[in-house]
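Below is final30.cif, holding mmCIF, C-alpha atoms (C1' of nucleotides).
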data_coords
loop_
_atom_site.group_PDB
_atom_site.id
_atom_site.type_symbol
_atom_site.label_atom_id
_atom_site.label_comp_id
_atom_site.auth_asym_id
_atom_site.auth_seq_id
_atom_site.Cartn_x
_atom_site.Cartn_y
_atom_site.Cartn_z
ATOM 1 C CA MET O 1 15.071 -13.994 -10.149
ATOM 2 C CA SER O 2 13.993 -16.312 -7.317
ATOM 3 C CA GLY O 3 10.640 -15.983 -5.650
ATOM 4 C CA HIS O 4 12.323 -15.138 -2.398
ATOM 5 C CA ALA O 5 14.370 -12.407 -4.029
ATOM 6 C CA VAL O 6 11.216 -10.951 -5.558
ATOM 7 C CA GLN O 7 9.536 -10.844 -2.156
ATOM 8 C CA ALA O 8 12.552 -9.274 -0.489
ATOM 9 C CA LEU O 9 12.924 -6.692 -3.237
ATOM 10 C CA ALA O 10 9.264 -5.715 -3.140
ATOM 11 C CA GLU O 11 9.346 -5.475 0.642
ATOM 12 C CA THR O 12 12.391 -3.222 0.542
ATOM 13 C CA PHE O 13 10.805 -0.896 -1.972
ATOM 14 C CA ARG O 14 7.481 -0.921 -0.182
ATOM 15 C CA VAL O 15 9.101 0.434 2.948
ATOM 16 C CA LEU O 16 10.587 3.290 0.955
ATOM 17 C CA GLY O 17 7.330 3.921 -0.852
ATOM 18 C CA ASP O 18 5.743 6.174 1.707
ATOM 19 C CA PRO O 19 6.268 9.947 2.023
ATOM 20 C CA SER O 20 6.455 9.885 5.820
ATOM 21 C CA ARG O 21 9.167 7.234 5.841
ATOM 22 C CA VAL O 22 11.097 9.026 3.107
ATOM 23 C CA ARG O 23 10.969 12.197 5.201
ATOM 24 C CA ILE O 24 12.124 10.353 8.292
ATOM 25 C CA LEU O 25 15.044 8.713 6.516
ATOM 26 C CA ASP O 26 15.950 11.996 4.884
ATOM 27 C CA ALA O 27 15.944 13.722 8.268
ATOM 28 C CA LEU O 28 18.199 11.000 9.653
ATOM 29 C CA SER O 29 20.586 11.275 6.715
ATOM 30 C CA GLY O 30 22.064 14.305 8.473
ATOM 31 C CA GLY O 31 22.835 12.263 11.577
ATOM 32 C CA GLU O 32 21.346 10.910 14.758
ATOM 33 C CA LEU O 33 18.130 12.561 15.999
ATOM 34 C CA CYS O 34 15.686 12.066 18.857
ATOM 35 C CA VAL O 35 12.057 11.193 18.115
ATOM 36 C CA CYS O 36 10.682 14.648 18.789
ATOM 37 C CA ASP O 37 13.209 16.270 16.479
ATOM 38 C CA ILE O 38 12.434 13.762 13.740
ATOM 39 C CA ALA O 39 8.756 14.574 14.156
ATOM 40 C CA ALA O 40 9.431 18.308 13.955
ATOM 41 C CA LEU O 41 11.744 18.026 10.957
ATOM 42 C CA ALA O 42 9.505 15.651 9.052
ATOM 43 C CA GLY O 43 6.315 17.490 9.945
ATOM 44 C CA ILE O 44 4.578 14.390 11.313
ATOM 45 C CA SER O 45 2.997 13.753 14.714
ATOM 46 C CA GLU O 46 5.241 12.101 17.280
ATOM 47 C CA SER O 47 2.899 9.138 17.517
ATOM 48 C CA ALA O 48 2.965 8.556 13.772
ATOM 49 C CA VAL O 49 6.749 8.902 13.780
ATOM 50 C CA SER O 50 7.019 6.377 16.561
ATOM 51 C CA HIS O 51 4.895 3.880 14.655
ATOM 52 C CA GLN O 52 7.005 4.292 11.539
ATOM 53 C CA LEU O 53 10.248 4.092 13.473
ATOM 54 C CA ARG O 54 9.177 0.773 14.891
ATOM 55 C CA LEU O 55 8.630 -0.503 11.363
ATOM 56 C CA LEU O 56 11.979 0.855 10.175
ATOM 57 C CA ARG O 57 13.698 -0.640 13.199
ATOM 58 C CA GLY O 58 12.080 -3.991 12.529
ATOM 59 C CA MET O 59 13.525 -3.915 9.052
ATOM 60 C CA ARG O 60 16.959 -2.921 10.384
ATOM 61 C CA LEU O 61 16.947 0.328 8.481
ATOM 62 C CA VAL O 62 17.458 2.365 11.632
ATOM 63 C CA ARG O 63 18.847 1.681 15.072
ATOM 64 C CA SER O 64 17.913 3.302 18.372
ATOM 65 C CA ARG O 65 19.813 4.339 21.450
ATOM 66 C CA ARG O 66 18.248 5.618 24.629
ATOM 67 C CA ALA O 67 19.815 8.577 26.413
ATOM 68 C CA GLY O 68 17.807 9.461 29.473
ATOM 69 C CA ARG O 69 14.307 10.395 28.441
ATOM 70 C CA LEU O 70 15.298 10.746 24.810
ATOM 71 C CA VAL O 71 15.681 7.981 22.272
ATOM 72 C CA PHE O 72 18.025 8.727 19.415
ATOM 73 C CA TYR O 73 17.599 7.098 16.054
ATOM 74 C CA ALA O 74 20.185 6.747 13.322
ATOM 75 C CA LEU O 75 20.388 5.157 9.914
ATOM 76 C CA ASP O 76 21.575 1.573 10.095
ATOM 77 C CA ASP O 77 21.727 0.565 6.446
ATOM 78 C CA GLN O 78 23.980 2.443 4.091
ATOM 79 C CA HIS O 79 22.572 0.617 1.074
ATOM 80 C CA ILE O 80 19.154 2.149 1.677
ATOM 81 C CA ILE O 81 20.614 5.619 1.608
ATOM 82 C CA GLU O 82 22.368 4.781 -1.646
ATOM 83 C CA LEU O 83 19.026 3.673 -3.043
ATOM 84 C CA LEU O 84 17.398 6.915 -1.924
ATOM 85 C CA ARG O 85 20.161 8.955 -3.475
ATOM 86 C CA GLN O 86 20.053 7.088 -6.741
ATOM 87 C CA ALA O 87 16.284 7.351 -6.948
ATOM 88 C CA LEU O 88 16.517 11.052 -6.168
ATOM 89 C CA THR O 89 18.752 11.706 -9.164
ATOM 90 C CA HIS O 90 16.273 9.667 -11.172
ATOM 91 C CA VAL O 91 13.227 11.725 -10.256
ATOM 92 C CA GLU O 92 15.184 14.923 -10.742
ATOM 93 C CA GLU O 93 16.279 13.969 -14.240
ATOM 94 C CA GLN O 94 12.785 12.809 -15.077
ATOM 95 C CA SER O 95 10.986 16.104 -14.546
ATOM 96 C CA MET A 1 14.775 17.523 0.268
ATOM 97 C CA SER A 2 11.775 19.364 -1.201
ATOM 98 C CA GLY A 3 8.233 18.221 -0.600
ATOM 99 C CA HIS A 4 7.840 17.520 -4.261
ATOM 100 C CA ALA A 5 10.971 15.397 -4.329
ATOM 101 C CA VAL A 6 9.693 13.437 -1.346
ATOM 102 C CA GLN A 7 6.420 12.730 -3.116
ATOM 103 C CA ALA A 8 8.137 11.721 -6.344
ATOM 104 C CA LEU A 9 10.573 9.470 -4.504
ATOM 105 C CA ALA A 10 7.870 7.753 -2.516
ATOM 106 C CA GLU A 11 5.762 7.267 -5.635
ATOM 107 C CA THR A 12 8.688 5.726 -7.493
ATOM 108 C CA PHE A 13 9.418 3.295 -4.680
ATOM 109 C CA ARG A 14 5.770 2.505 -4.159
ATOM 110 C CA VAL A 15 5.473 1.310 -7.743
ATOM 111 C CA LEU A 16 8.402 -1.034 -7.205
ATOM 112 C CA GLY A 17 7.038 -2.203 -3.873
ATOM 113 C CA ASP A 18 4.772 -4.945 -5.175
ATOM 114 C CA PRO A 19 5.833 -8.515 -6.034
ATOM 115 C CA SER A 20 3.728 -8.662 -9.196
ATOM 116 C CA ARG A 21 5.247 -5.521 -10.591
ATOM 117 C CA VAL A 22 8.745 -6.648 -9.662
ATOM 118 C CA ARG A 23 8.115 -9.906 -11.498
ATOM 119 C CA ILE A 24 6.801 -8.081 -14.549
ATOM 120 C CA LEU A 25 9.769 -5.728 -14.697
ATOM 121 C CA ASP A 26 12.136 -8.629 -14.157
ATOM 122 C CA ALA A 27 10.530 -10.533 -17.023
ATOM 123 C CA LEU A 28 10.875 -7.488 -19.248
ATOM 124 C CA SER A 29 14.517 -7.035 -18.307
ATOM 125 C CA GLY A 30 15.284 -9.786 -20.809
ATOM 126 C CA GLY A 31 13.652 -7.857 -23.625
ATOM 127 C CA GLU A 32 10.311 -7.067 -25.211
ATOM 128 C CA LEU A 33 7.416 -9.440 -24.441
ATOM 129 C CA CYS A 34 3.720 -9.674 -25.276
ATOM 130 C CA VAL A 35 1.136 -9.567 -22.480
ATOM 131 C CA CYS A 36 0.416 -13.284 -22.480
ATOM 132 C CA ASP A 37 4.108 -14.152 -22.227
ATOM 133 C CA ILE A 38 4.568 -11.693 -19.380
ATOM 134 C CA ALA A 39 1.645 -13.319 -17.609
ATOM 135 C CA ALA A 40 3.087 -16.797 -18.125
ATOM 136 C CA LEU A 41 6.606 -15.813 -17.030
ATOM 137 C CA ALA A 42 5.446 -13.850 -14.015
ATOM 138 C CA GLY A 43 2.825 -16.385 -13.001
ATOM 139 C CA ILE A 44 0.005 -13.844 -12.845
ATOM 140 C CA SER A 45 -3.359 -13.811 -14.616
ATOM 141 C CA GLU A 46 -3.474 -11.884 -17.873
ATOM 142 C CA SER A 47 -6.060 -9.528 -16.466
ATOM 143 C CA ALA A 48 -3.954 -8.700 -13.448
ATOM 144 C CA VAL A 49 -0.931 -8.204 -15.707
ATOM 145 C CA SER A 50 -2.902 -5.870 -17.921
ATOM 146 C CA HIS A 51 -3.963 -3.782 -14.955
ATOM 147 C CA GLN A 52 -0.392 -3.520 -13.697
ATOM 148 C CA LEU A 53 0.955 -2.748 -17.154
ATOM 149 C CA ARG A 54 -1.421 0.170 -17.422
ATOM 150 C CA LEU A 55 -0.061 1.523 -14.167
ATOM 151 C CA LEU A 56 3.532 1.008 -15.280
ATOM 152 C CA ARG A 57 2.781 2.628 -18.624
ATOM 153 C CA GLY A 58 1.174 5.587 -16.885
ATOM 154 C CA MET A 59 4.373 6.063 -14.938
ATOM 155 C CA ARG A 60 6.479 5.742 -18.095
ATOM 156 C CA LEU A 61 8.285 2.710 -16.798
ATOM 157 C CA VAL A 62 7.283 0.617 -19.794
ATOM 158 C CA ARG A 63 6.194 1.350 -23.340
ATOM 159 C CA SER A 64 3.853 -0.641 -25.565
ATOM 160 C CA ARG A 65 3.758 -1.463 -29.241
ATOM 161 C CA ARG A 66 0.936 -3.254 -30.983
ATOM 162 C CA ALA A 67 1.719 -5.910 -33.569
ATOM 163 C CA GLY A 68 -1.475 -7.387 -34.899
ATOM 164 C CA ARG A 69 -3.365 -8.971 -32.078
ATOM 165 C CA LEU A 70 -0.376 -8.883 -29.781
ATOM 166 C CA VAL A 71 0.825 -5.938 -27.732
ATOM 167 C CA PHE A 72 4.482 -5.961 -26.863
ATOM 168 C CA TYR A 73 5.779 -4.251 -23.781
ATOM 169 C CA ALA A 74 9.335 -3.171 -23.074
ATOM 170 C CA LEU A 75 11.155 -1.332 -20.339
ATOM 171 C CA ASP A 76 11.229 2.405 -20.925
ATOM 172 C CA ASP A 77 13.283 3.651 -17.992
ATOM 173 C CA GLN A 78 16.819 2.452 -17.538
ATOM 174 C CA HIS A 79 17.104 4.139 -14.135
ATOM 175 C CA ILE A 80 14.418 1.865 -12.742
ATOM 176 C CA ILE A 81 16.349 -1.210 -13.797
ATOM 177 C CA GLU A 82 19.433 0.200 -12.127
ATOM 178 C CA LEU A 83 17.400 0.656 -8.956
ATOM 179 C CA LEU A 84 16.177 -2.929 -9.138
ATOM 180 C CA ARG A 85 19.687 -4.215 -9.668
ATOM 181 C CA GLN A 86 21.112 -2.183 -6.825
ATOM 182 C CA ALA A 87 18.348 -3.239 -4.468
ATOM 183 C CA LEU A 88 18.861 -6.847 -5.490
ATOM 184 C CA THR A 89 22.495 -6.788 -4.430
ATOM 185 C CA HIS A 90 21.304 -5.193 -1.210
ATOM 186 C CA VAL A 91 18.833 -7.917 -0.323
ATOM 187 C CA GLU A 92 21.337 -10.572 -1.305
ATOM 188 C CA GLU A 93 24.038 -9.152 0.955
ATOM 189 C CA GLN A 94 21.564 -8.716 3.765
ATOM 190 C CA SER A 95 20.570 -12.337 4.191
ATOM 191 C "C1'" DC P 1 -19.750 -10.539 -41.995
ATOM 192 C "C1'" DG P 2 -19.215 -13.971 -38.060
ATOM 193 C "C1'" DC P 3 -15.712 -16.498 -35.199
ATOM 194 C "C1'" DT P 4 -11.595 -16.661 -32.617
ATOM 195 C "C1'" DT P 5 -7.792 -14.822 -30.078
ATOM 196 C "C1'" DA P 6 -5.344 -11.033 -27.481
ATOM 197 C "C1'" DT P 7 -5.761 -7.310 -24.636
ATOM 198 C "C1'" DA P 8 -8.187 -3.720 -21.978
ATOM 199 C "C1'" DT P 9 -11.491 -2.162 -18.750
ATOM 200 C "C1'" DG P 10 -14.870 -1.407 -14.849
ATOM 201 C "C1'" DA P 11 -17.077 -3.047 -10.729
ATOM 202 C "C1'" DA P 12 -16.832 -5.442 -6.606
ATOM 203 C "C1'" DC P 13 -14.492 -7.374 -2.890
ATOM 204 C "C1'" DA P 14 -11.087 -8.698 0.658
ATOM 205 C "C1'" DC P 15 -7.179 -7.026 2.477
ATOM 206 C "C1'" DT P 16 -3.737 -3.681 3.816
ATOM 207 C "C1'" DT P 17 -2.048 0.783 5.354
ATOM 208 C "C1'" DG P 18 -1.139 4.997 7.909
ATOM 209 C "C1'" DC P 19 -3.212 8.007 10.779
ATOM 210 C "C1'" DT P 20 -5.360 9.705 15.269
ATOM 211 C "C1'" DC P 21 -6.645 9.188 19.885
ATOM 212 C "C1'" DA P 22 -6.295 7.471 24.419
ATOM 213 C "C1'" DG P 23 -3.617 5.454 27.490
ATOM 214 C "C1'" DA P 24 0.620 2.850 28.969
ATOM 215 C "C1'" DT P 25 5.541 2.812 30.000
ATOM 216 C "C1'" DA P 26 9.990 4.873 31.091
ATOM 217 C "C1'" DT P 27 13.048 8.301 32.869
ATOM 218 C "C1'" DT P 28 14.356 12.514 35.322
ATOM 219 C "C1'" DC P 29 14.021 15.663 38.925
ATOM 220 C "C1'" DA P 30 12.241 18.068 42.993
ATOM 221 C "C1'" DT L 1 7.173 9.461 46.002
ATOM 222 C "C1'" DG L 2 4.749 12.464 42.736
ATOM 223 C "C1'" DA L 3 4.828 15.503 38.748
ATOM 224 C "C1'" DA L 4 6.556 16.319 34.271
ATOM 225 C "C1'" DT L 5 8.406 14.912 29.905
ATOM 226 C "C1'" DA L 6 9.512 11.583 26.111
ATOM 227 C "C1'" DT L 7 8.340 7.684 23.817
ATOM 228 C "C1'" DC L 8 5.657 3.571 22.863
ATOM 229 C "C1'" DT L 9 1.585 0.901 22.000
ATOM 230 C "C1'" DG L 10 -3.150 -0.885 20.759
ATOM 231 C "C1'" DA L 11 -7.677 -0.021 18.928
ATOM 232 C "C1'" DG L 12 -10.378 1.917 15.523
ATOM 233 C "C1'" DC L 13 -11.179 3.919 11.200
ATOM 234 C "C1'" DA L 14 -11.021 6.064 6.536
ATOM 235 C "C1'" DA L 15 -8.566 5.525 2.449
ATOM 236 C "C1'" DG L 16 -5.966 2.864 -0.732
ATOM 237 C "C1'" DT L 17 -4.494 -1.574 -3.131
ATOM 238 C "C1'" DG L 18 -4.438 -5.811 -5.999
ATOM 239 C "C1'" DT L 19 -7.115 -9.349 -7.437
ATOM 240 C "C1'" DT L 20 -11.003 -11.713 -9.829
ATOM 241 C "C1'" DC L 21 -14.879 -11.855 -12.782
ATOM 242 C "C1'" DA L 22 -17.588 -10.388 -16.505
ATOM 243 C "C1'" DT L 23 -17.561 -7.794 -20.357
ATOM 244 C "C1'" DA L 24 -15.792 -4.658 -23.937
ATOM 245 C "C1'" DT L 25 -12.629 -3.589 -27.613
ATOM 246 C "C1'" DA L 26 -9.477 -4.702 -31.333
ATOM 247 C "C1'" DA L 27 -7.370 -7.443 -34.880
ATOM 248 C "C1'" DG L 28 -6.868 -11.517 -37.963
ATOM 249 C "C1'" DC L 29 -9.044 -15.065 -40.659
ATOM 250 C "C1'" DG L 30 -12.475 -18.105 -42.876
#

Represent the structure contained in this file as structure tokens.
Amino acid sequence: MSGHAVQALAETFRVLGDPSRVRILDALSGGELCVCDIAALAGISESAVSHQLRLLRGMRLVRSRRAGRLVFYALDDQHIIELLRQALTHVEEQS
Amino acid sequence: MSGHAVQALAETFRVLGDPSRVRILDALSGGELCVCDIAALAGISESAVSHQLRLLRGMRLVRSRRAGRLVFYALDDQHIIELLRQALTHVEEQS
DNA sequence: CGCTTATATGAACACTTGCTCAGATATTCA
DNA sequence: TGAATATCTGAGCAAGTGTTCATATAAGCG
């Protein structure tokens, strides 16, 4: 495996390796949501959600769309959701 | 998704979210190796490898077997390798 | 037993991370 | 325009992370 591939792999997993981001992505797996609804569903402050969304947007895992005062976010990387799903079956089998 | 599942998912991804650990798991994907060979293949100091191997062993991702002065490590979780493989195709398609 | 080699371990340190808080920006509506 | 609402942003901080270094443990061998 090339050094670049190692870095990219680790970076991908690192983004998924945080409970808040997992919650956010899970919330978005049901469809587009505005920031305040993500915050409510994930149980995180709106500021913290906003910070994380910026990170996720930077990594092209989510995309945003403004509608008036609201900004809607949606998943923008089907592979990531596949990874989440596969890992979920893993942790469920494990315990 | 339950709170426990979120925690378990994030923990699983967090372990994979470090270049050294990715390199170690990649080295082991070819089969059982002793600590010094893992260190040489992954390009990490033996001490650092030992620390990471303890973590990986604690999470049941690898298992160890002593043979004289050597300790051989091997992958102990096929799901994790599947995750690595799937993520690898992801990062390759992405760029 | 002493010497050597392989691995494990603990402390210390630099660096990163995710949060909160305060304030900025953007948009709508009266 | 001014007030209200939604989101974003930067600074600061407490907690966590991965490494190195020194040392400990374990096993083989003379």

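Using all atoms listed in the file, the chain O residues found within 8 Å of chain A amount to O:Met1, O:Ala5, O:Val6, O:Gln7, O:Ala8, O:Leu9, O:Ala10, O:Glu11, O:Thr12, O:Phe13, O:Arg14, O:Val15, O:Leu16, O:Gly17, O:Asp18, O:Pro19, O:Val22, O:Arg23, O:Asp26, O:His79, O:Leu83, O:Leu84, O:Gln86, O:Ala87, O:Leu88, O:His90, O:Val91, O:Glu92.
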
The selected residues should be written to file as a PDB file, in the frame of the given file (atoms: C-alpha atoms).
ATOM      1  CA  MET O   1      15.071 -13.994 -10.149  1.00  0.00           C
ATOM      2  CA  ALA O   5      14.370 -12.407  -4.029  1.00  0.00           C
ATOM      3  CA  VAL O   6      11.216 -10.951  -5.558  1.00  0.00           C
ATOM      4  CA  GLN O   7       9.536 -10.844  -2.156  1.00  0.00           C
ATOM      5  CA  ALA O   8      12.552  -9.274  -0.489  1.00  0.00           C
ATOM      6  CA  LEU O   9      12.924  -6.692  -3.237  1.00  0.00           C
ATOM      7  CA  ALA O  10       9.264  -5.715  -3.140  1.00  0.00           C
ATOM      8  CA  GLU O  11       9.346  -5.475   0.642  1.00  0.00           C
ATOM      9  CA  THR O  12      12.391  -3.222   0.542  1.00  0.00           C
ATOM     10  CA  PHE O  13      10.805  -0.896  -1.972  1.00  0.00           C
ATOM     11  CA  ARG O  14       7.481  -0.921  -0.182  1.00  0.00           C
ATOM     12  CA  VAL O  15       9.101   0.434   2.948  1.00  0.00           C
ATOM     13  CA  LEU O  16      10.587   3.290   0.955  1.00  0.00           C
ATOM     14  CA  GLY O  17       7.330   3.921  -0.852  1.00  0.00           C
ATOM     15  CA  ASP O  18       5.743   6.174   1.707  1.00  0.00           C
ATOM     16  CA  PRO O  19       6.268   9.947   2.023  1.00  0.00           C
ATOM     17  CA  VAL O  22      11.097   9.026   3.107  1.00  0.00           C
ATOM     18  CA  ARG O  23      10.969  12.197   5.201  1.00  0.00           C
ATOM     19  CA  ASP O  26      15.950  11.996   4.884  1.00  0.00           C
ATOM     20  CA  HIS O  79      22.572   0.617   1.074  1.00  0.00           C
ATOM     21  CA  LEU O  83      19.026   3.673  -3.043  1.00  0.00           C
ATOM     22  CA  LEU O  84      17.398   6.915  -1.924  1.00  0.00           C
ATOM     23  CA  GLN O  86      20.053   7.088  -6.741  1.00  0.00           C
ATOM     24  CA  ALA O  87      16.284   7.351  -6.948  1.00  0.00           C
ATOM     25  CA  LEU O  88      16.517  11.052  -6.168  1.00  0.00           C
ATOM     26  CA  HIS O  90      16.273   9.667 -11.172  1.00  0.00           C
ATOM     27  CA  VAL O  91      13.227  11.725 -10.256  1.00  0.00           C
ATOM     28  CA  GLU O  92      15.184  14.923 -10.742  1.00  0.00           C
TER      29      GLU O  92
END

Problem set entry | the PyMOL selection byres ((chain A) within 9 of (chain P)) resolved against shown file, as a VMD selection string | chain A and resid 35 to 36 46 to 47 50 to 51 69 to 71

For this session: Any chance you could resolve the PyMOL selection byres ((chain L and resi 13-30) around 7) against this file and give the residues as a list in words?
Result: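 Applied to this file, the PyMOL selection byres ((chain L and resi 13-30) around 7) selects Ala48, Gly68 and Arg69 of chain A; DG12 of chain L.
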
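You will find CA of Leu28 in chain A at 9.6 Å from CA of Leu41 in chain A.
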
For this session: Compile the residues of chain L that lie within 9 Å of chain O, evaluated using all atoms listed in the file, and express the compilation as a ChimeraX atom specification.
Result: /L:5-9

Exercise. So how far away is CA of Leu75 in chain A from CA of Leu61 in chain A, in Å?
Worked result: 6.1 Å

Exercise. Can you tell me how far CA of Leu53 in chain O sits from CA of Asp37 in chain O, in Å to one decimal?
Worked result: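 Distance reported for this atom pair: 12.9 Å.
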
Hey, what comes out of the PyMOL selection byres ((chain O and resi 63) around 8) on this file? Could you write it as a PDB file with C-alpha atoms, in the coordinates of the input?
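And here's selection.pdb as it stands now:
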ATOM      1  CA  ARG O  57      13.698  -0.640  13.199  1.00  0.00           C
ATOM      2  CA  ARG O  60      16.959  -2.921  10.384  1.00  0.00           C
ATOM      3  CA  LEU O  61      16.947   0.328   8.481  1.00  0.00           C
ATOM      4  CA  VAL O  62      17.458   2.365  11.632  1.00  0.00           C
ATOM      5  CA  SER O  64      17.913   3.302  18.372  1.00  0.00           C
ATOM      6  CA  ARG O  65      19.813   4.339  21.450  1.00  0.00           C
ATOM      7  CA  TYR O  73      17.599   7.098  16.054  1.00  0.00           C
ATOM      8  CA  ALA O  74      20.185   6.747  13.322  1.00  0.00           C
ATOM      9  CA  LEU O  75      20.388   5.157   9.914  1.00  0.00           C
ATOM     10  CA  ASP O  76      21.575   1.573  10.095  1.00  0.00           C
TER      11      ASP O  76
END

Exercise. For Phe72 in chain O, which residue among O:Ile44, O:Leu33, O:Ile38, O:Met59 is the nearest when counting only C-alpha atoms?
Worked result: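 Of O:Ile44, O:Leu33, O:Ile38, O:Met59, the one nearest Phe72 in chain O is O:Leu33, counting only C-alpha atoms.
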